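First up is the structure itself, then whatever we jot down about it.
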Amino acid sequence: MSTSKPAANGETAGPPQPPPRIPESFMDVPDQRRYVLSLGVACQAAKLWDLFRYWSSSNDAPLHLARKWMFVDFLSCTILSWLRIPRLRYSKAVVALQIIFLWIFDGLAFGGISVNIGAGGSSVQSGRSSGYSSSGTSAIWDYLPDFGLPVLYGTKDTHLLGQHTVRKSPISTAQLNPYGETFCLPSASSDVLIPLLLNNTTPNSVKYTLTPLGYSGSSRSAGKVEHLEFSAKDLRAIEQSRAEHLRLVRAAAAQKDHDEYDEYDDDEDDDHALSTGHGTLQKTQDLTYIRLSKPGILRLESVVDQSSVDARLVTPNEITVVPCPRATFTSESVAKVKDVRCATPRLVSGAGEEVELEIDIYGVPPLSLRWTREVGPKRESFMVEGIEGADHEHPTHSEDDRRVSVPGQRAPIRVKVPLTVVLDALGTHTYTLDTVMDALGNVAQAGQFAETAVADPRKTAPSNVAELQAHASTRSVTVLRRPSVSFKHCGPGHPASLLIGSESPLTISTLEADVQDAPWDVTVQYEPPTEEGGKPSKRYKGWTKTLTTQGERKELTLRASAPGEYTITGVNGAHCEGDVLSPETCRVVERPLPTAEIEWKKIHECSGDTGVSAALVLHGTPPFQVYYRQQRDNEPARETSKTFPSSRGELTLQPDRSGHYTFKFTQLSDANYKKIDLKGPAIELDVHPPPAADFVSNVQGGRGRKSISSCSGNIVDVDVELRGTAPWNVEVQIVGPKGSEVIPFTGITTAKKTLSLPIPKAVDKEGGTFEIDLVGVEDAYGCKRAVSVPGVAVNVRRILPTVKFYGKPDQRHVTVLDHEQAALPLRLTGEGPWRVEYRKQDAPERTLTANLRSPNDELRVNGKGTYELLQVADSKCPGTVVKGDETYRVDHVPRPSAKLSSDVQAAYERFNGSHILPPICESLSDHVDLDLTGRPPFQIMYNIAKDDGLGGTRLLDQPTFSSIQPRTRFQLRTSEPGRVYYEVKQIGDAAYPLAKNKDSIIPRSERLLFEQQVLMRPSARFRNHNRLSYCLNDALTAHDYTDGNGLVALEGTPPFQLQVSVRNLAASEVYTETLTLHDAAWRVHLPGYSFRSIGPHQVTIDSVQDASHCEQVAPDPLYRSIWVDVAETAAIIPFSKREDYCVGDVIPFQLEGTPPWTIGYRVNGKTHTQEAKLSPWSVAAAHAGELAVTSVAHQQKMCKTAVPDLRYTVHALPAAQVGHGRRIVQDIHEGDQAEIVFTLVGEPPFTFTYQRAELSPRKGVQGRVLETHTVSGVTAREYSIFSALEGTWTITSISDRYCRYPPAQQDAGEKSR
């Protein structure tokens, strides 16, 4: 548990502890502790359950439990330390000890380590032994530190090494091919590994015979029987080669599949439980292999172990190895069969022809072949069995011949089998040889061991090998359909159109054609049209051409430039000849140019000819578009067109102006041709359009009526527009409220005329509305026509609009904020909307305009000044400005300002506009008075800056303070020394509050700026309060302390006046001295004072002054003084008179003097120094050799004393080994004896104790101790015993002339003293 300690005298408290990782606002500390402790208890309960299962299991379990709980305990301790939970917070050293303790517990509990306790105590040992290994195996626990404990796992303890286990072996057996597999040789240069299962034996030699296939005692042509033998070295070489090959295969598979490979998958457990493809071997079983590179019958003769004992052979003890079967298509069938075939005419389902294929099959008969046929999505499989050679029916009579006829023992044969297939469907026919099986059941992929593919697999790339195998086992024949072609969008009854001077594209489409047959050659024949009377054409010549499609496109375009018949005569693809479908003929017809028959007719009315009409008969392909030209007098001609949907049409042209007109048709377009020139007749005539009249007005009324306004006078002017032949006579009717009047106007010669009409008296007097209508018009030819057009409504007004500012003359002014808009009240008369022009009197040249909609509207202006109204106009009439009410004054509320009071003493600096205040000492209160103008209350925002030491300034703060009085007191900042600058950035008052005017910043050139120099107060303090050490009669001079002890730090403006006193507590004397210093640091150096008595002395800083004459800073009591220890010389005295010690012993000494002491000692000529804070002090004898104490000092390594006569001899600890330090497991048979060898290291004579324990089947638990023996007086360094009993021999203790291991109880007691 983490506790806080109070600070010692003269020391400050440590830094505050950091808060927990989990905030207390999320979860309080008691809940955090409760949850963490609950989780820890749950983990320990799970560990106890695993421990119960581990100790109750009788089988050897893997060490994953120890690994798991060591990881869990490490993770728990580190996470608990990281969470920083109060009362569960430990130092790093405590966390490390917790992890070490838990690891040791996990190792002892789950069989990770073993500990030998005492000389005769029982040994708790955990480990794993191999029944076929002569040395111990290392584990991960071997690399863990022992933390000072005698941990004996593997070879960790260097003093008591090794163990010798003797076991009696049961009957050993050997079984050939235990899983009943079949083997075959892919090629003459390959080999196979035949497994040999061994039980309770380690083979020293394996003997076997190899009989050739087809061997007969009566015939020696097949070869002879070979007798072969493999030694243990040969078997190990085979196993190493197999393991290396397996590693390479797994690495290649992992790289190909992007899968991770776990290197621990290949590790063998120490109990020798091997995993194979057929299951897991038992602990006593092992698997080795026999390499065979020739076919034949392998018969196992004998297996002899290292003790020259024959293993029992399990029957059957022979296996037949034959060449691997293979099947490929012959090269002759490849040459005979074409890859592409064409379908016969009129057979859509396929050719139906037969194809002869030949298969080359090799292997031990009888053979079986499986092959597939694939046509499009349909796939069929076939099986052929009982394939034999031509001589398999020959009878055999002798016993050897009957043996040869046994299936699987015959010699391999080569057979060529014909395969007839029928091409009965369109598409690709793929014939694939799948697998071939021989008489022994060896199954091989067809083409896998083809001679072309496996001639030398090591020199052939994998991709090339796969291609060769596929080529040898696959045949493909593609049956293509016959291509067929025809014309597209052209045929009988649908001829193609050919325009004069252009080409007509004819599309030829390829139907029901395979892309593999592209490109296609299409033959086209052209026959020109005959002339009148059936004569051949002299203009066009017939031809025959062959056209080719582009790439895989199934259409091509023939561009016909001449009329006639185009006929497809044939089509040929890249492989097949095709058919011509209907329509195979396309007739091309040349379309004639369009023409027109035109008949003109004049249109006559009362005034004369008013226009023309044309009757048109059009020839061509509708729709038609007729272009005509119209020209009046000498004006430029105007082109116009009109569209007719049929072959007949009529066009009427009646100009609305008089003149001499010419009309002519110029061009004609139909569906095929565009703008064909016409040479049709033209017509000229003088056109006199009938008279017409209408009003002209820019003001539009509702529903198409026109309206005008009259604001003054008794006459209203109306504009009319006349059409026809001048001069005109016009009749106008005035319709008033009480009657109407028709007024004639004669002799009007212009097309646009302004008519002045009188206003009816009733309307002229009071105002109102009346209407003006056009009644009739007459032109120069006397043609008179009535006019029916909308009239004009006249609005007569006699009251004009006015405008004025509202208010009395002394009230027409307003005061607003400088950023606000002023609203000036207006009074308007008339009909809105109004348009008002005004100006500011101080800028008379600039006229402003406002559009208003309400008679009580407001004029919104920006800026202060006097505004004057100039003009007004409403929606109908202009108006007048009321005299005397045309001006209005706008004023602004002034912004607040600040300045230094006249009572403030400050020097003004024109360079930067700053007021320099008198300097002041640090921490003294100071202020300035500010005079404020504006509307209280005031808010003042200002910047406080300070010199940054680099020639610039650093912004410290930007505070805001408020004041309700025009004069306010501004407090200055004097808490830190340096140059302080004050700048008023913004001022707010009741009218301009800072909250609403954040962007209204005083321009930098207008800001109030003042500055002040704050003088630093002098101070003096010791850098630390560590004690100084001096010897008696030393002068108080400065020592070269690298850690800053005795160093006084001075702050202020030099030079300094420092007064220091030295107080001797023993003699009650005080020595005082005043020093003048020019540096900011001073190490205690008073050469005029020397120490005359031992004991503590106190050096105190009494006072300090600097050049600023400011009062010194209040001294810190903790750093105002330091203590000086004055001591006599130190001494060291041994507790024992022994001169011989062992490695690991502790030599105690008594120290005299004042702590801490510094002891110097020498080990085998190498000098060491150690500091001791308590007495007695002891040194550990860690190395064998000589150890001598040379000096002792105290008081920070001062007052050193040489020690001449403390020398000791340190002897190495003795060691003992069983089996030369290895873990030996030896299997013996009944009647044999095992030799157990003990190796002794040290100074004779030796005494050692060994014991024999029974073999324990439970993991992590050593068997019961059966016997213990102690041998004394051994002078030799090697000792042997012989035993025929089972058990494990280990050494528990060893003693030589000087030392013992493990140490005896009395030795430990002596060390503790």
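Ligands are numbered from 1 in the order shown, chains are lettered A, B, ... in the order of the structure tokens, and residues start at 1 in each chain.
The neighbours of Val364 of chain A here are the residues that come within 7 Å of it, using only C-alpha atoms and leaving out any residue fewer than 6 positions away in the same chain; they are Gly408, Arg410, Ala411, Pro412, Ile413, Asp438 and Ala439 of chain A.
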Writer output for current selection, N, CA and C atoms, as a CSV table (one decimal), in the first residue's frame:
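This is the output file out28.csv:
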chain,number,residue,atom,x,y,z
A,408,GLY,N,0.0,-56.6,-59.2
A,408,GLY,CA,1.0,-55.7,-58.5
A,408,GLY,C,2.4,-56.1,-58.6
A,410,ARG,N,3.7,-57.7,-61.4
A,410,ARG,CA,4.0,-57.8,-62.8
A,410,ARG,C,4.8,-56.6,-63.2
A,411,ALA,N,5.5,-56.8,-64.3
A,411,ALA,CA,6.3,-55.7,-64.8
A,411,ALA,C,5.4,-54.7,-65.5
A,412,PRO,N,5.7,-53.4,-65.5
A,412,PRO,CA,4.9,-52.4,-66.1
A,412,PRO,C,4.9,-52.5,-67.6
A,413,ILE,N,3.8,-52.2,-68.2
A,413,ILE,CA,3.7,-52.3,-69.7
A,413,ILE,C,3.2,-50.9,-70.2
A,438,ASP,N,-3.1,-48.0,-61.4
A,438,ASP,CA,-2.5,-49.3,-61.7
A,438,ASP,C,-3.1,-50.3,-60.8
A,439,ALA,N,-2.5,-51.5,-60.9
A,439,ALA,CA,-3.0,-52.7,-60.2
A,439,ALA,C,-2.9,-52.6,-58.7
I'd like the contact shell of Arg553 of chain A - 12 Å cut-off, only C-alpha atoms, skipping same-chain residues fewer than 6 positions apart - returned as number ranges by chain. A: 508-511, 513-520
Emit the selected residues as a compact mmCIF listing (two decimals), in the first residue's frame, including all heavy atoms.
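Final output, saved to out-v7.txt:
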# COMPACT_ATOMS: atom_id res chain seq x y z
N ILE A 508 -24.24 -4.54 -94.47
CA ILE A 508 -24.26 -5.99 -94.63
C ILE A 508 -24.01 -6.59 -93.25
O ILE A 508 -22.97 -6.33 -92.62
CB ILE A 508 -23.21 -6.47 -95.64
CG1 ILE A 508 -23.46 -5.83 -97.01
CG2 ILE A 508 -23.20 -7.98 -95.74
CD1 ILE A 508 -22.41 -6.16 -98.04
N SER A 509 -24.93 -7.38 -92.72
CA SER A 509 -24.85 -7.93 -91.37
C SER A 509 -24.55 -9.41 -91.43
O SER A 509 -25.11 -10.15 -92.25
CB SER A 509 -26.17 -7.69 -90.64
OG SER A 509 -26.14 -8.28 -89.36
N THR A 510 -23.63 -9.82 -90.55
CA THR A 510 -23.26 -11.24 -90.43
C THR A 510 -24.10 -11.85 -89.32
O THR A 510 -24.05 -11.41 -88.17
CB THR A 510 -21.77 -11.39 -90.11
OG1 THR A 510 -21.03 -10.72 -91.12
CG2 THR A 510 -21.38 -12.85 -90.08
N LEU A 511 -24.87 -12.85 -89.64
CA LEU A 511 -25.76 -13.50 -88.68
C LEU A 511 -25.24 -14.88 -88.32
O LEU A 511 -24.67 -15.59 -89.16
CB LEU A 511 -27.18 -13.60 -89.25
CG LEU A 511 -27.79 -12.28 -89.75
CD1 LEU A 511 -29.13 -12.55 -90.40
CD2 LEU A 511 -27.92 -11.30 -88.62
N ALA A 513 -22.80 -16.20 -86.54
CA ALA A 513 -21.38 -16.46 -86.82
C ALA A 513 -20.62 -16.48 -85.50
O ALA A 513 -20.97 -15.78 -84.55
CB ALA A 513 -20.82 -15.39 -87.75
N ASP A 514 -19.60 -17.31 -85.43
CA ASP A 514 -18.75 -17.39 -84.25
C ASP A 514 -17.60 -16.40 -84.39
O ASP A 514 -17.04 -16.20 -85.47
CB ASP A 514 -18.19 -18.81 -84.09
CG ASP A 514 -19.29 -19.79 -83.71
OD1 ASP A 514 -20.17 -19.38 -82.92
OD2 ASP A 514 -19.27 -20.93 -84.20
N VAL A 515 -17.25 -15.81 -83.26
CA VAL A 515 -16.16 -14.82 -83.27
C VAL A 515 -14.85 -15.46 -83.69
O VAL A 515 -14.00 -14.81 -84.31
CB VAL A 515 -16.07 -14.18 -81.87
CG1 VAL A 515 -14.90 -13.20 -81.81
CG2 VAL A 515 -17.37 -13.47 -81.52
N GLN A 516 -14.68 -16.76 -83.37
CA GLN A 516 -13.42 -17.42 -83.74
C GLN A 516 -13.25 -17.52 -85.24
O GLN A 516 -12.14 -17.74 -85.72
CB GLN A 516 -13.38 -18.82 -83.12
CG GLN A 516 -13.40 -18.81 -81.59
CD GLN A 516 -13.44 -20.21 -81.03
OE1 GLN A 516 -13.59 -21.18 -81.77
NE2 GLN A 516 -13.31 -20.33 -79.72
N ASP A 517 -14.36 -17.36 -85.97
CA ASP A 517 -14.29 -17.46 -87.42
C ASP A 517 -14.00 -16.11 -88.08
O ASP A 517 -13.92 -16.01 -89.30
CB ASP A 517 -15.60 -18.03 -87.97
CG ASP A 517 -15.44 -18.59 -89.37
OD1 ASP A 517 -14.29 -18.92 -89.74
OD2 ASP A 517 -16.44 -18.68 -90.10
N ALA A 518 -13.92 -15.03 -87.29
CA ALA A 518 -13.67 -13.70 -87.85
C ALA A 518 -12.22 -13.61 -88.34
O ALA A 518 -11.33 -14.33 -87.85
CB ALA A 518 -13.95 -12.63 -86.79
N PRO A 519 -11.93 -12.67 -89.32
CA PRO A 519 -12.89 -11.83 -90.05
C PRO A 519 -13.52 -12.60 -91.21
O PRO A 519 -13.04 -13.66 -91.61
CB PRO A 519 -12.02 -10.68 -90.54
CG PRO A 519 -10.68 -11.31 -90.75
CD PRO A 519 -10.54 -12.35 -89.68
N TRP A 520 -14.60 -12.01 -91.73
CA TRP A 520 -15.33 -12.67 -92.81
C TRP A 520 -15.14 -11.90 -94.12
O TRP A 520 -15.13 -10.66 -94.12
CB TRP A 520 -16.83 -12.73 -92.48
CG TRP A 520 -17.10 -13.59 -91.27
CD1 TRP A 520 -17.27 -14.92 -91.25
CD2 TRP A 520 -17.22 -13.14 -89.92
NE1 TRP A 520 -17.50 -15.38 -89.98
CE2 TRP A 520 -17.47 -14.29 -89.12
CE3 TRP A 520 -17.13 -11.89 -89.29
CZ2 TRP A 520 -17.63 -14.22 -87.75
CZ3 TRP A 520 -17.30 -11.83 -87.92
CH2 TRP A 520 -17.54 -12.98 -87.16
For Thr1158 of chain A, work out the shell of residues within 8 Å, counting only C-alpha atoms and skipping chain neighbours fewer than 2 positions away, then give it as a ChimeraX atom specification. /A:1156,1160,1169-1172,1192-1194,1196-1197
Strand (DSSP E) per DSSP on the backbone: members of segment 866-998 of chain A, as a PyMOL selection string: chain A and resi 866-873+880-881+887-892+897-900+907-909+914-916+920-921+927-933+938-947+953-957+960-963+967-971+978-988
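Proximity ranking of A:Glu1235, A:Ala93, A:Ala793, A:Tyr981 relative to Asp947 of chain A places A:Tyr981 first, based on only C-alpha atoms.
Atom CA of Tyr431 of chain A sits 13.7 Å away from atom CA of Pro377 of chain A.
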Spatial neighbours of segment 1210-1216 of chain A, max dist 6 Å, only C-alpha atoms, sep filter under 3 positions, as a list in words: His159, Leu160, Asp1140, Tyr1141, Cys1142, Val1143, Ala1184, Gly1185, Glu1186, Thr1239, Leu1240, Val1241, Gly1242 and Cys1299 of chain A
Take the residues just selected and output them with all heavy atoms as an mmCIF file, in the first residue's frame.
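After the write, selection-v2.cif holds the following:
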data_model
loop_
_atom_site.group_PDB
_atom_site.id
_atom_site.type_symbol
_atom_site.label_atom_id
_atom_site.label_comp_id
_atom_site.auth_asym_id
_atom_site.auth_seq_id
_atom_site.Cartn_x
_atom_site.Cartn_y
_atom_site.Cartn_z
ATOM 1 N N HIS A 159 26.179 -25.620 -9.619
ATOM 2 C CA HIS A 159 26.900 -26.382 -8.604
ATOM 3 C C HIS A 159 26.426 -27.825 -8.540
ATOM 4 O O HIS A 159 27.246 -28.719 -8.299
ATOM 5 C CB HIS A 159 26.746 -25.718 -7.231
ATOM 6 C CG HIS A 159 27.349 -24.344 -7.171
ATOM 7 N ND1 HIS A 159 28.698 -24.131 -7.070
ATOM 8 C CD2 HIS A 159 26.764 -23.118 -7.223
ATOM 9 C CE1 HIS A 159 28.935 -22.828 -7.041
ATOM 10 N NE2 HIS A 159 27.767 -22.185 -7.145
ATOM 11 N N LEU A 160 25.154 -28.075 -8.735
ATOM 12 C CA LEU A 160 24.621 -29.433 -8.725
ATOM 13 C C LEU A 160 23.926 -29.646 -10.058
ATOM 14 O O LEU A 160 22.780 -29.250 -10.244
ATOM 15 C CB LEU A 160 23.640 -29.632 -7.556
ATOM 16 C CG LEU A 160 24.220 -29.394 -6.154
ATOM 17 C CD1 LEU A 160 23.122 -29.543 -5.115
ATOM 18 C CD2 LEU A 160 25.369 -30.353 -5.866
ATOM 19 N N ASP A 1140 39.613 -17.492 6.136
ATOM 20 C CA ASP A 1140 39.133 -18.230 4.955
ATOM 21 C C ASP A 1140 37.607 -18.157 4.909
ATOM 22 O O ASP A 1140 36.923 -18.502 5.890
ATOM 23 C CB ASP A 1140 39.582 -19.695 5.005
ATOM 24 C CG ASP A 1140 41.099 -19.834 4.899
ATOM 25 O OD1 ASP A 1140 41.630 -19.415 3.856
ATOM 26 O OD2 ASP A 1140 41.728 -20.340 5.856
ATOM 27 N N TYR A 1141 37.104 -17.777 3.727
ATOM 28 C CA TYR A 1141 35.658 -17.700 3.488
ATOM 29 C C TYR A 1141 35.340 -18.356 2.148
ATOM 30 O O TYR A 1141 36.235 -18.576 1.319
ATOM 31 C CB TYR A 1141 35.188 -16.238 3.482
ATOM 32 C CG TYR A 1141 35.150 -15.608 4.862
ATOM 33 C CD1 TYR A 1141 36.261 -14.951 5.381
ATOM 34 C CD2 TYR A 1141 33.992 -15.668 5.624
ATOM 35 C CE1 TYR A 1141 36.227 -14.371 6.644
ATOM 36 C CE2 TYR A 1141 33.944 -15.079 6.891
ATOM 37 C CZ TYR A 1141 35.059 -14.445 7.392
ATOM 38 O OH TYR A 1141 35.009 -13.882 8.631
ATOM 39 N N CYS A 1142 34.073 -18.638 1.976
ATOM 40 C CA CYS A 1142 33.596 -19.228 0.721
ATOM 41 C C CYS A 1142 32.825 -18.182 -0.082
ATOM 42 O O CYS A 1142 32.321 -17.194 0.475
ATOM 43 C CB CYS A 1142 32.688 -20.439 0.993
ATOM 44 S SG CYS A 1142 33.493 -21.773 1.881
ATOM 45 N N VAL A 1143 32.748 -18.439 -1.391
ATOM 46 C CA VAL A 1143 31.967 -17.553 -2.249
ATOM 47 C C VAL A 1143 30.513 -17.559 -1.783
ATOM 48 O O VAL A 1143 29.920 -18.617 -1.590
ATOM 49 C CB VAL A 1143 32.068 -17.991 -3.727
ATOM 50 C CG1 VAL A 1143 31.113 -17.156 -4.589
ATOM 51 C CG2 VAL A 1143 33.486 -17.831 -4.232
ATOM 52 N N ALA A 1184 36.000 -15.824 -5.998
ATOM 53 C CA ALA A 1184 37.099 -16.528 -5.338
ATOM 54 C C ALA A 1184 38.387 -15.750 -5.522
ATOM 55 O O ALA A 1184 38.615 -15.118 -6.561
ATOM 56 C CB ALA A 1184 37.236 -17.935 -5.903
ATOM 57 N N GLY A 1185 39.251 -15.788 -4.491
ATOM 58 C CA GLY A 1185 40.535 -15.080 -4.559
ATOM 59 C C GLY A 1185 40.801 -14.345 -3.271
ATOM 60 O O GLY A 1185 40.420 -14.786 -2.182
ATOM 61 N N GLU A 1186 41.460 -13.176 -3.358
ATOM 62 C CA GLU A 1186 41.829 -12.390 -2.184
ATOM 63 C C GLU A 1186 40.921 -11.177 -2.076
ATOM 64 O O GLU A 1186 40.670 -10.477 -3.058
ATOM 65 C CB GLU A 1186 43.286 -11.922 -2.284
ATOM 66 C CG GLU A 1186 43.745 -11.167 -1.042
ATOM 67 C CD GLU A 1186 45.126 -10.556 -1.217
ATOM 68 O OE1 GLU A 1186 45.370 -9.943 -2.291
ATOM 69 O OE2 GLU A 1186 45.943 -10.678 -0.316
ATOM 70 N N THR A 1239 30.890 -36.477 -11.061
ATOM 71 C CA THR A 1239 32.080 -35.644 -11.262
ATOM 72 C C THR A 1239 32.107 -34.603 -10.164
ATOM 73 O O THR A 1239 31.120 -33.881 -9.959
ATOM 74 C CB THR A 1239 32.053 -34.971 -12.640
ATOM 75 O OG1 THR A 1239 31.922 -35.970 -13.656
ATOM 76 C CG2 THR A 1239 33.311 -34.173 -12.886
ATOM 77 N N LEU A 1240 33.260 -34.503 -9.442
ATOM 78 C CA LEU A 1240 33.391 -33.622 -8.277
ATOM 79 C C LEU A 1240 34.382 -32.518 -8.597
ATOM 80 O O LEU A 1240 35.453 -32.762 -9.162
ATOM 81 C CB LEU A 1240 33.853 -34.418 -7.056
ATOM 82 C CG LEU A 1240 33.032 -35.689 -6.766
ATOM 83 C CD1 LEU A 1240 33.638 -36.455 -5.604
ATOM 84 C CD2 LEU A 1240 31.583 -35.331 -6.467
ATOM 85 N N VAL A 1241 34.003 -31.257 -8.246
ATOM 86 C CA VAL A 1241 34.839 -30.085 -8.528
ATOM 87 C C VAL A 1241 35.086 -29.373 -7.206
ATOM 88 O O VAL A 1241 34.139 -29.044 -6.479
ATOM 89 C CB VAL A 1241 34.146 -29.142 -9.528
ATOM 90 C CG1 VAL A 1241 35.028 -27.933 -9.805
ATOM 91 C CG2 VAL A 1241 33.832 -29.873 -10.822
ATOM 92 N N GLY A 1242 36.360 -29.101 -6.889
ATOM 93 C CA GLY A 1242 36.718 -28.387 -5.666
ATOM 94 C C GLY A 1242 38.067 -28.871 -5.146
ATOM 95 O O GLY A 1242 38.905 -29.379 -5.910
ATOM 96 N N CYS A 1299 34.547 -25.520 1.849
ATOM 97 C CA CYS A 1299 33.178 -25.035 1.660
ATOM 98 C C CYS A 1299 32.216 -26.189 1.463
ATOM 99 O O CYS A 1299 32.621 -27.328 1.201
ATOM 100 C CB CYS A 1299 33.087 -24.091 0.452
ATOM 101 S SG CYS A 1299 34.199 -22.658 0.562
#
Using backbone DSSP assignments, extract all alpha helix (DSSP H) residues from segment 703-938 of chain A; output them as a PyMOL selection string. chain A and resi 761-766
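Taking atom CA of Glu552 of chain A and atom CA of Thr523 of chain A as the two end points, the separation is 17.9 Å.
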Can you tell me which residues surround Ser1093 of chain A at a distance of at most 12 Å, considering only C-alpha atoms, apart from same-chain residues fewer than 4 positions away, and format the answer as a PyMOL selection string? chain A and resi 1030-1035+1063-1069+1097+1124-1128
Mind giving me the straight-line distance from atom CA of Gln1251 of chain A to atom CA of Asn200 of chain A in Å, one decimal? 27.0 Å
Which residues come within 6 Å of segment 854-863 of chain A, counting only C-alpha atoms, excluding same-chain residues fewer than 3 positions away, as a short mmCIF file (atom, residue, chain, number, x, y, z; two decimals) with all heavy atoms, in the first residue's frame?
data_model
loop_
_atom_site.label_atom_id
_atom_site.label_comp_id
_atom_site.auth_asym_id
_atom_site.auth_seq_id
_atom_site.Cartn_x
_atom_site.Cartn_y
_atom_site.Cartn_z
N GLN A 821 -28.08 53.88 -38.15
CA GLN A 821 -28.73 54.61 -39.23
C GLN A 821 -29.85 55.46 -38.64
O GLN A 821 -30.64 54.99 -37.82
CB GLN A 821 -29.30 53.61 -40.25
CG GLN A 821 -29.70 54.22 -41.57
CD GLN A 821 -30.18 53.15 -42.54
OE1 GLN A 821 -31.05 52.36 -42.21
NE2 GLN A 821 -29.63 53.15 -43.74
N ALA A 822 -29.93 56.72 -39.10
CA ALA A 822 -30.96 57.64 -38.60
C ALA A 822 -32.18 57.56 -39.48
O ALA A 822 -32.07 57.55 -40.72
CB ALA A 822 -30.42 59.06 -38.55
N ALA A 823 -33.39 57.54 -38.87
CA ALA A 823 -34.66 57.51 -39.59
C ALA A 823 -35.32 58.89 -39.46
O ALA A 823 -35.76 59.28 -38.36
CB ALA A 823 -35.57 56.42 -39.04
N LEU A 824 -35.38 59.65 -40.57
CA LEU A 824 -35.95 61.00 -40.57
C LEU A 824 -37.39 60.91 -41.02
O LEU A 824 -37.69 60.45 -42.13
CB LEU A 824 -35.14 61.90 -41.50
CG LEU A 824 -33.60 61.87 -41.29
CD1 LEU A 824 -32.94 62.85 -42.23
CD2 LEU A 824 -33.25 62.16 -39.85
N PRO A 825 -38.38 61.38 -40.21
CA PRO A 825 -39.80 61.23 -40.56
C PRO A 825 -40.20 62.19 -41.69
O PRO A 825 -39.77 63.35 -41.73
CB PRO A 825 -40.52 61.57 -39.25
CG PRO A 825 -39.57 62.44 -38.50
CD PRO A 825 -38.19 61.98 -38.87
N LEU A 826 -41.03 61.71 -42.63
CA LEU A 826 -41.51 62.48 -43.78
C LEU A 826 -43.03 62.48 -43.78
O LEU A 826 -43.68 61.58 -43.23
CB LEU A 826 -40.99 61.87 -45.09
CG LEU A 826 -39.48 61.90 -45.35
CD1 LEU A 826 -39.16 61.14 -46.63
CD2 LEU A 826 -38.96 63.32 -45.42
N ARG A 827 -43.58 63.49 -44.47
CA ARG A 827 -45.01 63.53 -44.74
C ARG A 827 -45.18 63.76 -46.24
O ARG A 827 -44.69 64.77 -46.78
CB ARG A 827 -45.70 64.64 -43.94
CG ARG A 827 -45.69 64.40 -42.43
CD ARG A 827 -46.48 63.14 -42.09
NE ARG A 827 -46.50 62.90 -40.64
CZ ARG A 827 -45.65 62.12 -40.01
NH1 ARG A 827 -44.70 61.51 -40.71
NH2 ARG A 827 -45.74 61.95 -38.71
N LEU A 828 -45.87 62.83 -46.96
CA LEU A 828 -45.99 62.85 -48.41
C LEU A 828 -47.47 62.92 -48.78
O LEU A 828 -48.34 62.34 -48.10
CB LEU A 828 -45.38 61.58 -49.03
CG LEU A 828 -43.88 61.38 -48.76
CD1 LEU A 828 -43.51 59.94 -48.97
CD2 LEU A 828 -43.05 62.27 -49.67
#
For segment 443-448 of chain A, find every residue with an atom within 6 Å (counting only C-alpha atoms), except residues of its own chain fewer than 2 positions away, and show them as a ChimeraX atom specification. /A:326-328,433-437,450,469,472-473
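Nearest-residue note for Glu565 of chain A: choosing from A:Pro529, A:Gly427, A:Gly578, A:Gly1165, the minimum distance belongs to A:Pro529, counting only C-alpha atoms.
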